[in-house]
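Undergrad: For reference, the file entry.cif (mmCIF, C-alpha atoms and all ligand atoms) is included below:
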data_upload
#
loop_
_atom_site.label_atom_id
_atom_site.label_comp_id
_atom_site.auth_asym_id
_atom_site.auth_seq_id
_atom_site.Cartn_x
_atom_site.Cartn_y
_atom_site.Cartn_z
CA MET H 1 -15.21 10.80 -13.61
CA SER H 2 -17.05 8.97 -10.80
CA THR H 3 -19.95 10.67 -8.99
CA SER H 4 -19.24 11.94 -5.46
CA PRO H 5 -20.11 9.39 -2.76
CA ALA H 6 -22.85 10.31 -0.24
CA VAL H 7 -21.24 8.47 2.70
CA ASN H 8 -17.77 7.24 3.55
CA ARG H 9 -17.64 3.43 3.53
CA ARG H 10 -14.63 2.47 5.62
CA VAL H 11 -13.04 -0.92 6.25
CA THR H 12 -11.70 -1.13 9.80
CA LEU H 13 -9.49 -3.60 11.64
CA ALA H 14 -11.88 -5.72 13.74
CA ASN H 15 -9.31 -8.15 15.20
CA ARG H 16 -5.55 -8.63 15.06
CA PRO H 17 -5.14 -11.77 12.96
CA SER H 18 -2.91 -14.67 13.77
CA GLY H 19 -1.53 -15.96 10.48
CA MET H 20 -3.65 -15.40 7.37
CA PRO H 21 -6.27 -12.70 8.09
CA GLU H 22 -9.84 -13.96 8.14
CA LEU H 23 -12.57 -11.91 6.46
CA SER H 24 -14.00 -11.45 9.99
CA ASP H 25 -10.83 -9.53 10.95
CA PHE H 26 -12.16 -6.69 8.78
CA ALA H 27 -15.38 -4.72 9.39
CA LEU H 28 -17.23 -2.30 7.13
CA VAL H 29 -18.71 0.87 8.63
CA GLU H 30 -20.48 3.87 7.11
CA LEU H 31 -19.56 7.37 8.23
CA PRO H 32 -20.99 10.78 7.33
CA ILE H 33 -18.84 13.02 5.16
CA GLU H 34 -17.92 16.21 7.03
CA ALA H 35 -16.71 19.46 5.45
CA PRO H 36 -12.88 19.43 5.45
CA ALA H 37 -10.98 21.34 8.14
CA GLU H 38 -9.08 24.48 7.11
CA GLY H 39 -5.96 23.43 5.16
CA SER H 40 -7.46 20.02 4.33
CA VAL H 41 -9.22 18.43 1.38
CA THR H 42 -11.83 15.71 0.94
CA ILE H 43 -11.00 13.05 -1.63
CA ALA H 44 -13.25 10.54 -3.36
CA VAL H 45 -11.06 7.43 -3.39
CA GLU H 46 -10.90 5.79 -6.81
CA VAL H 47 -8.24 3.05 -6.59
CA LEU H 48 -6.33 1.61 -3.62
CA SER H 49 -2.97 -0.12 -3.78
CA ILE H 50 -2.96 -3.51 -2.05
CA ASP H 51 0.49 -3.91 -0.54
CA ALA H 52 2.18 -6.48 1.67
CA PHE H 53 2.69 -3.93 4.47
CA ILE H 54 -1.07 -3.88 5.07
CA ARG H 55 -0.67 -7.30 6.69
CA THR H 56 2.30 -6.29 8.83
CA VAL H 57 0.50 -3.23 10.28
CA MET H 58 -2.30 -5.51 11.48
CA ASP H 59 0.16 -6.79 14.12
CA GLU H 60 0.54 -5.04 17.45
CA ARG H 61 4.19 -4.24 16.76
CA ALA H 62 4.87 -3.16 13.20
CA PHE H 63 7.73 -1.40 11.41
CA HIS H 64 5.29 0.94 9.67
CA GLY H 65 3.25 1.51 12.89
CA ALA H 66 0.38 -0.67 14.07
CA ALA H 67 -3.14 -0.04 12.83
CA GLU H 68 -5.63 0.53 15.66
CA ILE H 69 -8.48 -1.84 16.35
CA GLY H 70 -11.60 -0.10 15.03
CA GLY H 71 -9.53 2.21 12.81
CA PRO H 72 -8.92 2.09 9.05
CA LEU H 73 -6.03 0.14 7.52
CA PRO H 74 -3.38 2.25 5.83
CA ALA H 75 -3.35 2.09 2.05
CA LEU H 76 -1.89 4.25 -0.66
CA GLY H 77 -4.33 5.31 -3.30
CA VAL H 78 -5.44 7.68 -5.99
CA GLY H 79 -8.63 9.68 -6.06
CA ARG H 80 -10.26 12.94 -6.95
CA ILE H 81 -10.76 16.10 -4.91
CA MET H 82 -14.40 16.48 -3.75
CA HIS H 83 -13.98 19.51 -1.46
CA SER H 84 -10.99 21.75 -1.00
CA THR H 85 -9.97 24.55 1.35
CA VAL H 86 -6.68 25.26 -0.45
CA ASP H 87 -5.99 26.99 -3.78
CA SER H 88 -3.43 24.41 -4.94
CA LEU H 89 -6.00 21.59 -5.09
CA GLN H 90 -9.24 22.09 -6.98
CA ILE H 91 -12.41 20.00 -7.21
CA GLY H 92 -11.88 17.26 -9.80
CA ASP H 93 -8.06 17.18 -9.52
CA ALA H 94 -6.56 13.68 -9.62
CA VAL H 95 -4.40 13.07 -6.55
CA PHE H 96 -2.20 10.47 -4.86
CA ALA H 97 -2.17 10.18 -1.05
CA PRO H 98 -2.18 7.73 1.87
CA LEU H 99 -5.96 7.45 1.58
CA GLY H 100 -6.60 4.41 3.78
CA SER H 101 -9.17 1.64 3.47
CA GLN H 102 -12.20 3.82 2.72
CA THR H 103 -14.15 5.41 -0.07
CA VAL H 104 -13.69 9.02 1.12
CA ALA H 105 -10.62 10.49 2.82
CA GLU H 106 -10.05 13.84 4.50
CA LEU H 107 -6.37 14.80 4.61
CA PRO H 108 -4.23 17.88 5.19
CA ALA H 109 -3.21 19.24 1.80
CA GLU H 110 0.51 18.66 2.48
CA PHE H 111 -0.08 14.88 2.38
CA VAL H 112 -1.75 15.08 -1.02
CA ARG H 113 0.06 15.08 -4.34
CA LYS H 114 -1.65 16.42 -7.44
CA LEU H 115 -1.15 14.12 -10.43
CA ASP H 116 -0.62 15.04 -14.03
CA GLU H 117 -2.79 12.52 -15.89
CA ARG H 118 -1.24 13.65 -19.18
CA VAL H 119 2.01 11.96 -18.07
CA ALA H 120 0.38 8.67 -17.08
CA PRO H 121 -3.04 7.35 -15.99
CA SER H 122 -3.50 7.79 -12.24
CA THR H 123 -3.16 4.06 -11.44
CA ALA H 124 0.40 4.18 -12.80
CA TYR H 125 1.26 6.19 -9.67
CA LEU H 126 0.41 3.08 -7.65
CA GLY H 127 2.16 0.60 -9.96
CA GLY H 128 4.93 1.35 -12.44
CA LEU H 129 5.56 4.82 -10.97
CA GLY H 130 4.32 3.94 -7.48
CA PHE H 131 6.43 4.58 -4.40
CA ALA H 132 5.86 1.08 -2.93
CA THR H 133 6.17 -0.62 -6.34
CA GLY H 134 8.07 1.04 -9.20
CA VAL H 135 10.25 3.28 -7.05
CA THR H 136 10.97 0.35 -4.70
CA ALA H 137 12.02 -1.91 -7.57
CA TYR H 138 14.12 0.94 -9.02
CA ILE H 139 16.02 1.69 -5.79
CA GLY H 140 16.54 -1.99 -5.06
CA MET H 141 17.68 -3.04 -8.51
CA MET H 142 19.34 0.08 -9.95
CA GLU H 143 20.99 1.28 -6.74
CA VAL H 144 21.35 -1.37 -4.03
CA ALA H 145 21.95 -4.43 -6.24
CA GLY H 146 24.78 -2.93 -8.28
CA VAL H 147 23.96 -5.04 -11.35
CA GLN H 148 26.92 -5.48 -13.68
CA HIS H 149 26.88 -6.28 -17.38
CA GLY H 150 26.16 -9.97 -17.96
CA ASP H 151 25.12 -10.75 -14.37
CA THR H 152 22.80 -13.63 -13.60
CA VAL H 153 19.99 -12.11 -11.54
CA VAL H 154 17.33 -13.97 -9.54
CA VAL H 155 14.13 -12.30 -8.30
CA SER H 156 11.69 -13.90 -5.82
CA ALA H 157 7.93 -13.19 -5.80
CA ALA H 158 8.79 -12.46 -9.42
CA ALA H 159 5.21 -12.48 -10.68
CA GLY H 160 4.18 -9.84 -8.14
CA ALA H 161 4.25 -6.07 -8.47
CA VAL H 162 7.75 -5.26 -7.24
CA GLY H 163 9.21 -8.55 -8.51
CA SER H 164 7.92 -8.32 -12.08
CA LEU H 165 9.36 -4.81 -12.38
CA ALA H 166 12.62 -5.76 -10.67
CA GLY H 167 13.23 -8.49 -13.25
CA GLN H 168 12.62 -6.09 -16.13
CA LEU H 169 14.88 -3.47 -14.51
CA ALA H 170 17.64 -6.05 -14.14
CA ARG H 171 17.58 -6.46 -17.91
CA ILE H 172 17.69 -2.69 -18.43
CA ALA H 173 20.66 -2.56 -16.01
CA GLY H 174 22.55 -5.02 -18.23
CA ALA H 175 21.88 -8.43 -16.68
CA GLY H 176 22.73 -11.36 -18.92
CA ARG H 177 20.23 -13.80 -17.51
CA VAL H 178 17.12 -12.99 -15.47
CA ILE H 179 15.51 -15.77 -13.43
CA GLY H 180 12.21 -15.45 -11.59
CA VAL H 181 10.94 -17.54 -8.70
CA ALA H 182 7.15 -17.74 -8.43
CA GLY H 183 4.35 -20.02 -7.27
CA GLY H 184 2.78 -22.28 -9.90
CA PRO H 185 3.32 -23.21 -13.55
CA GLU H 186 0.90 -20.59 -14.91
CA LYS H 187 2.76 -17.73 -13.26
CA CYS H 188 6.06 -19.17 -14.43
CA ALA H 189 4.86 -19.44 -18.03
CA TRP H 190 3.53 -15.87 -17.82
CA LEU H 191 6.90 -14.59 -16.57
CA VAL H 192 8.76 -16.11 -19.50
CA ASP H 193 6.19 -15.62 -22.26
CA GLU H 194 4.92 -12.16 -21.38
CA VAL H 195 7.21 -10.41 -18.90
CA GLY H 196 10.51 -11.35 -20.52
CA PHE H 197 12.26 -13.41 -17.84
CA ASP H 198 14.69 -15.97 -19.31
CA VAL H 199 13.67 -18.72 -16.91
CA ALA H 200 11.05 -19.05 -14.19
CA ILE H 201 11.27 -21.48 -11.30
CA ASP H 202 8.16 -22.81 -9.57
CA TYR H 203 9.06 -22.89 -5.87
CA ARG H 204 5.97 -25.00 -5.20
CA GLY H 205 7.07 -27.55 -7.81
CA GLY H 206 9.71 -29.27 -5.65
CA ASP H 207 13.53 -29.56 -5.84
CA LEU H 208 14.15 -25.82 -5.65
CA ASP H 209 17.91 -26.41 -5.30
CA GLY H 210 18.00 -28.53 -8.46
CA GLN H 211 15.87 -26.04 -10.43
CA LEU H 212 18.18 -23.21 -9.37
CA ARG H 213 21.35 -25.14 -10.25
CA ALA H 214 19.93 -25.87 -13.69
CA ALA H 215 18.84 -22.26 -14.24
CA ALA H 216 22.09 -20.68 -12.97
CA PRO H 217 24.86 -23.23 -13.53
CA ASP H 218 27.58 -20.57 -13.09
CA GLY H 219 26.02 -19.16 -9.94
CA VAL H 220 23.82 -16.22 -9.04
CA ASN H 221 25.43 -12.76 -9.09
CA VAL H 222 22.44 -10.79 -7.80
CA PHE H 223 19.45 -11.97 -5.79
CA PHE H 224 16.57 -9.50 -5.30
CA ASP H 225 14.62 -11.11 -2.47
CA ASN H 226 11.00 -10.36 -1.65
CA VAL H 227 10.31 -13.58 0.22
CA GLY H 228 13.06 -14.80 2.63
CA GLY H 229 12.89 -18.21 4.30
CA GLU H 230 13.54 -21.32 2.21
CA ILE H 231 13.89 -19.43 -1.06
CA LEU H 232 16.62 -17.21 0.39
CA ASP H 233 18.45 -20.25 1.73
CA ALA H 234 18.22 -22.05 -1.61
CA VAL H 235 19.64 -19.06 -3.50
CA LEU H 236 22.43 -18.55 -0.94
CA GLU H 237 23.53 -22.10 -1.69
CA GLN H 238 23.90 -21.08 -5.33
CA ILE H 239 25.53 -17.62 -5.13
CA ALA H 240 28.60 -16.79 -7.19
CA PHE H 241 31.79 -15.19 -5.86
CA GLY H 242 31.11 -11.53 -5.05
CA ALA H 243 27.33 -11.91 -5.20
CA ARG H 244 24.98 -9.19 -3.99
CA ILE H 245 21.80 -10.12 -2.15
CA VAL H 246 19.21 -7.39 -1.80
CA ILE H 247 16.64 -7.82 0.96
CA CYS H 248 13.59 -5.96 -0.32
CA GLY H 249 11.07 -7.92 1.72
CA GLY H 250 10.35 -11.25 3.40
CA ILE H 251 6.72 -12.04 2.67
CA SER H 252 7.08 -15.68 3.75
CA HIS H 253 7.44 -14.31 7.31
CA TYR H 254 4.65 -11.74 7.35
CA LEU H 255 1.97 -14.09 8.71
CA ASP H 256 4.11 -14.83 11.78
CA MET H 257 6.52 -11.97 12.41
CA GLY H 258 7.22 -13.11 15.96
CA ASN H 259 9.02 -16.18 14.68
CA VAL H 260 11.29 -14.95 11.89
CA VAL H 261 14.25 -17.29 11.46
CA GLY H 262 17.46 -16.05 9.85
CA PRO H 263 19.04 -17.68 6.81
CA ARG H 264 20.53 -21.11 7.58
CA ASN H 265 23.01 -20.69 4.72
CA TYR H 266 24.41 -17.29 5.66
CA LEU H 267 28.00 -18.57 5.82
CA LYS H 268 27.96 -18.73 2.01
CA LEU H 269 28.33 -14.93 2.22
CA ALA H 270 31.76 -15.39 3.81
CA GLU H 271 32.81 -18.33 1.64
CA ARG H 272 32.02 -16.40 -1.55
CA CYS H 273 32.92 -12.86 -0.46
CA ALA H 274 29.30 -11.87 -1.02
CA ARG H 275 27.23 -9.17 0.62
CA MET H 276 23.64 -8.90 1.73
CA SER H 277 22.04 -5.44 1.96
CA GLY H 278 18.54 -4.42 2.88
CA PHE H 279 16.69 -1.22 2.09
CA ALA H 280 13.39 0.46 2.89
CA VAL H 281 12.13 2.80 0.20
CA ASN H 282 10.84 5.36 2.71
CA PHE H 283 14.48 6.35 3.32
CA TYR H 284 14.90 7.24 -0.37
CA ALA H 285 12.26 9.98 -0.64
CA GLU H 286 14.79 12.36 -2.26
CA ARG H 287 15.24 9.89 -5.14
CA VAL H 288 11.56 9.76 -6.12
CA GLY H 289 11.85 12.38 -8.88
CA GLU H 290 14.80 10.65 -10.51
CA ALA H 291 13.18 7.21 -10.18
CA GLU H 292 9.84 8.37 -11.61
CA ALA H 293 11.49 10.10 -14.56
CA ALA H 294 13.48 6.98 -15.44
CA LEU H 295 10.54 4.63 -14.93
CA ALA H 296 8.17 6.87 -16.95
CA GLY H 297 10.66 6.87 -19.83
CA TRP H 298 11.01 3.08 -19.89
CA LEU H 299 7.23 2.61 -19.53
CA ALA H 300 6.64 4.98 -22.46
CA GLU H 301 9.22 3.14 -24.59
CA GLY H 302 7.63 -0.23 -23.75
CA ARG H 303 10.85 -1.49 -22.17
CA LEU H 304 8.98 -1.77 -18.89
CA VAL H 305 5.47 -3.17 -18.58
CA MET H 306 3.35 -3.08 -15.43
CA HIS H 307 0.56 -5.60 -15.43
CA GLU H 308 -2.36 -4.50 -13.24
CA GLN H 309 -4.91 -6.81 -11.63
CA HIS H 310 -8.07 -4.99 -10.52
CA GLU H 311 -10.35 -6.28 -7.75
CA HIS H 312 -13.51 -4.28 -7.10
CA GLY H 313 -15.39 -2.68 -4.19
CA ILE H 314 -14.31 -1.48 -0.74
CA GLU H 315 -16.23 -4.39 0.82
CA ASN H 316 -13.61 -6.65 -0.80
CA PHE H 317 -10.63 -4.97 0.88
CA GLY H 318 -10.02 -7.93 3.21
CA HIS H 319 -10.43 -10.38 0.36
CA ALA H 320 -7.87 -8.43 -1.69
CA VAL H 321 -5.33 -8.51 1.16
CA ARG H 322 -5.83 -12.28 1.42
CA THR H 323 -5.42 -12.59 -2.36
CA LEU H 324 -2.01 -10.87 -2.19
CA LEU H 325 -0.81 -12.99 0.72
CA SER H 326 -1.87 -16.23 -0.92
CA GLY H 327 -0.35 -15.44 -4.31
CA GLY H 328 -3.61 -14.77 -6.18
CA ASN H 329 -2.18 -11.78 -8.02
CA ARG H 330 -0.11 -11.23 -11.14
CA GLY H 331 1.61 -7.89 -11.23
CA LYS H 332 0.14 -4.96 -9.31
CA LEU H 333 -2.94 -5.75 -7.22
CA LEU H 334 -5.35 -2.81 -7.08
CA LEU H 335 -8.74 -2.37 -5.45
CA ASP H 336 -10.89 -0.37 -7.82
CA LEU H 337 -13.69 1.65 -6.18
CA ARG H 338 -14.87 3.47 -9.33
N1 LIG R 1 11.92 -2.56 0.93
C1 LIG R 1 10.88 -1.77 0.68
O1 LIG R 1 10.93 -0.56 0.86
C2 LIG R 1 9.63 -2.38 0.13
C3 LIG R 1 8.62 -1.56 -0.40
C4 LIG R 1 7.48 -2.18 -0.95
C5 LIG R 1 7.37 -3.57 -0.95
N2 LIG R 1 8.37 -4.30 -0.39
C6 LIG R 1 8.30 -5.77 -0.37
O2 LIG R 1 8.23 -6.23 -1.68
C7 LIG R 1 7.63 -7.54 -1.65
C8 LIG R 1 6.59 -7.62 -2.75
O3 LIG R 1 5.52 -6.75 -2.42
P1 LIG R 1 4.37 -6.44 -3.48
O4 LIG R 1 3.51 -5.41 -2.87
O5 LIG R 1 4.97 -6.20 -4.81
O6 LIG R 1 3.54 -7.78 -3.48
P2 LIG R 1 3.39 -8.81 -4.68
O7 LIG R 1 4.75 -9.34 -4.97
O8 LIG R 1 2.59 -8.22 -5.76
O9 LIG R 1 2.50 -9.94 -4.01
C9 LIG R 1 3.02 -10.75 -3.06
C10 LIG R 1 3.46 -12.09 -3.69
O10 LIG R 1 4.27 -12.76 -2.75
C11 LIG R 1 4.21 -14.14 -3.01
N3 LIG R 1 4.15 -14.85 -1.73
C12 LIG R 1 3.25 -14.70 -0.75
N4 LIG R 1 3.53 -15.55 0.27
C13 LIG R 1 4.63 -16.24 -0.10
C14 LIG R 1 5.40 -17.26 0.52
N5 LIG R 1 5.10 -17.72 1.75
N6 LIG R 1 6.47 -17.75 -0.15
C15 LIG R 1 6.77 -17.28 -1.39
N7 LIG R 1 6.07 -16.32 -2.02
C16 LIG R 1 5.02 -15.80 -1.38
C17 LIG R 1 2.95 -14.40 -3.84
O11 LIG R 1 3.34 -14.86 -5.12
P3 LIG R 1 3.57 -16.43 -5.44
O12 LIG R 1 2.32 -16.91 -6.11
O13 LIG R 1 4.73 -16.42 -6.34
O14 LIG R 1 3.77 -17.13 -4.14
C18 LIG R 1 2.30 -13.03 -3.96
O15 LIG R 1 1.74 -12.79 -5.22
C19 LIG R 1 7.10 -7.74 -0.24
O16 LIG R 1 8.00 -8.54 0.48
C20 LIG R 1 7.08 -6.35 0.32
O17 LIG R 1 7.19 -6.31 1.73
C21 LIG R 1 9.49 -3.73 0.14
#
What would you get if you wrote out this structure as structure tokens?
TA:
Amino acid sequence: MSTSPAVNRRVTLANRPSGMPELSDFALVELPIEAPAEGSVTIAVEVLSIDAFIRTVMDERAFHGAAEIGGPLPALGVGRIMHSTVDSLQIGDAVFAPLGSQTVAELPAEFVRKLDERVAPSTAYLGGLGFATGVTAYIGMMEVAGVQHGDTVVVSAAAGAVGSLAGQLARIAGAGRVIGVAGGPEKCAWLVDEVGFDVAIDYRGGDLDGQLRAAAPDGVNVFFDNVGGEILDAVLEQIAFGARIVICGGISHYLDMGNVVGPRNYLKLAERCARMSGFAVNFYAERVGEAEAALAGWLAEGRLVMHEQHEHGIENFGHAVRTLLSGGNRGKLLLDLR
């Protein structure tokens, strides 16, 4: 167990970035730790989840609500209760909450979930069992995609957190062939050798259309898209009759959300009687219990593996966000403050 911090070190939004955030768009401040208000708890933050939405909330208009200049960035995390005013949460309890970009968080108890570390280590609640990772991949692949036995499934940002799980879930759902799209030969080799994808396509390696045709000669039945843009257009060109395209995210747009361009190849949906459906996991809160139980079972059996990449120190929050946006992560990117 980590020792209780003496001050709260908080990363704040210094400027709204244009494009890739600069390190100067983040500031580090130190704040005193106050006693929690009645009904609230104080949490020593141990590990933060670095997610793509952190970039989108840096914009003035954001689906998840804009972060304020001078305020913390939102981030999910796990930590340990330092002070409590409620009986249900005791000092030392491991918890999950929207802790934000800081080393100490004070939150009303209703926003804080106590974790059972006998079920899984606390970081699993950010990755394989995490709402924005495991549960997202589960809803997208097991519910929205409607995978059928023998399907050829393509996943973009396949070496990332959601993508690496989505590919493994496609296999569990009965897919016949699972194809990942990722940046660079090392990530592609990792996907095939260690994560269990059948084929991995390097979208930075040129001739994406040709690589996809070779990987899915009979067409793509399911596309789980985390990226949008050129990758979405290339897969649309290659969809099979009755294909299902799941829009989980569009990270290729997140650095310039004011100029999102729709898919050039969308008429393939009509030509091939295909459908494209999006989803946002926050509308599936009632499915969390079911998703976690299923994911925990597959993780315990080894049928599902969540690779974690740990960066360290709150002062590296901005660096970690840049790492995610530039593809420097494999699997779940976490910022470890322990
Ligand atoms: N629908 C929902 O409710 C929901 C919930 C959570 C997350 N999401 C979405 O899921 C996606 C993945 O999120 P994550 O947190 O798991 O992140 P992640 O996949 O672990 O990391 C992001 C990855 O995206 C790839 N990437 C970045 N810029 C790209 C570009 N311009 N073109 C192609 N690939 C690019 C990078 O991999 P490469 O090296 O391969 O480029 C990077 O590693 C995001 O789109 C996110 O918004 C959706």
Undergrad: Calculated over all atoms listed in the file, which of the candidates H:Glu186, H:Asp193, H:Asp336, H:Asp25 has the smallest distance to ligand LIG 1 (chain R)?
TA: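 Counting all atoms listed in the file, the residue closest to ligand LIG 1 (chain R) is H:Glu186.
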Undergrad: Could you name the residues that touch Asp218 in chain H at 12 Å or less, counting all atoms listed in the file, but leaving out those on the same chain fewer than 6 positions away, as a ChimeraX atom specification?
TA: /H:150-153,176-177,212,238-241,243
Undergrad: Counting all atoms listed in the file, what are the residues, protein, DNA or RNA alike, that approach ligand LIG 1 (chain R) to within 7 Å? I want them as a VMD selection string.
TA: chain H and resid 50 to 53 132 to 133 136 157 to 163 181 to 184 226 to 227 248 to 253 279 to 282 324 to 333
Undergrad: Which is closer to Phe96 in chain H than all the others in H:Gly71, H:Gly146, H:Gly297, H:Pro121, using only C-alpha atoms?
TA: H:Pro121
Undergrad: Restricting the calculation to all atoms listed in the file: of H:Arg80, H:Ser101, H:Ile231, H:Leu255, which residue gets closest to Leu28 in chain H?
TA: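 Of the candidates, the smallest distance to Leu28 in chain H is held by H:Ser101.
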Undergrad: Smallest atom-to-atom distance to Leu126 in chain H: which of H:Ala97, H:Ala6, H:Val321, H:Ala270, using all atoms listed in the file?
TA: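 The shortest atom-to-atom distance to Leu126 in chain H comes from H:Ala97.
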Undergrad: Considering all atoms listed in the file, can you say which of H:Ile139, H:Cys188, H:Met276, H:Ala67 comes closest to Leu165 in chain H?
TA: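 Among the listed residues, the smallest separation from Leu165 in chain H belongs to H:Ile139.
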Undergrad: Have a look at H:Arg275, H:Arg9, H:Arg16, H:Arg118 and name the one nearest to Leu31 in chain H; count only C-alpha atoms.
TA: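 Residue with the minimum atom-to-atom distance to Leu31 in chain H: H:Arg9.
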Undergrad: Would you compute the distance between CA of Ala105 in chain H and CA of Met58 in chain H? Give it in Å to one decimal.
TA: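 Straight-line distance from CA of Ala105 in chain H to CA of Met58 in chain H works out to 20.0 Å.
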Undergrad: May I have the protein, DNA and RNA residues with an atom at most 8 Å from (-6.8, 21.3, 6.4), counting all atoms listed in the file in the file's coordinates, returned as a list in words?
TA: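 The distance filter leaves exactly Pro36, Ala37, Glu38, Gly39, Ser40, Val41, Thr85, Val86, Leu107, Pro108 and Ala109 of chain H.
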Undergrad: Using all atoms listed in the file, find each residue in range 117-160 of chain H having at least one atom no more than 12 Å away from range 304-312 of chain H; report its shortest atom-to-atom pair and that distance in Å (one decimal), rows by chain then rising number, as CSV.
TA:
residue,atom,partner,partner_atom,distance
H:Thr123,CA,H:Glu308,CA,8.8
H:Ala124,CA,H:Met306,CA,8.3
H:Tyr125,CA,H:Met306,CA,11.1
H:Leu126,CA,H:Glu308,CA,9.8
H:Gly127,CA,H:Met306,CA,6.7
H:Gly128,CA,H:Met306,CA,5.6
H:Leu129,CA,H:Met306,CA,9.3
H:Gly130,CA,H:Met306,CA,10.7
H:Thr133,CA,H:Met306,CA,9.8
H:Gly134,CA,H:Met306,CA,8.8
H:Ala137,CA,H:Leu304,CA,11.7
H:Tyr138,CA,H:Leu304,CA,11.5
H:Ala159,CA,H:His307,CA,9.6
H:Gly160,CA,H:His307,CA,9.2
Undergrad: What is the distance between CA of Ser4 in chain H and CA of Leu99 in chain H, in Å to one decimal?
TA: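 Pair CA of Ser4 in chain H / CA of Leu99 in chain H returns 15.7 Å.
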Undergrad: Would you compute the distance between CA of Ser156 in chain H and CA of Phe223 in chain H? Give it in Å to one decimal.
TA: 8.0 Å
Undergrad: Taking all atoms of range 138-152 of chain H that the file lists and extending 5 Å past them on each side, where is the centre of the axis-aligned box and how long are its edges? Answer in Å to one decimal, as AutoDock Vina command-line options.
TA:
--center_x 20.5 --center_y -6.0 --center_z -11.0 --size_x 22.8 --size_y 25.3 --size_z 23.9
Undergrad: Excluding same-chain residues fewer than 4 positions from Ile172 in chain H, what lies within 9 Å of it counting only C-alpha atoms, as a short mmCIF file (atom, residue, chain, number, x, y, z; two decimals) with C-alpha atoms, in the coordinates of the input?
TA:
data_model
loop_
_atom_site.label_atom_id
_atom_site.label_comp_id
_atom_site.auth_asym_id
_atom_site.auth_seq_id
_atom_site.Cartn_x
_atom_site.Cartn_y
_atom_site.Cartn_z
CA GLY H 167 13.23 -8.49 -13.25
CA GLN H 168 12.62 -6.09 -16.13
CA TRP H 298 11.01 3.08 -19.89
CA ARG H 303 10.85 -1.49 -22.17
CA LEU H 304 8.98 -1.77 -18.89
#
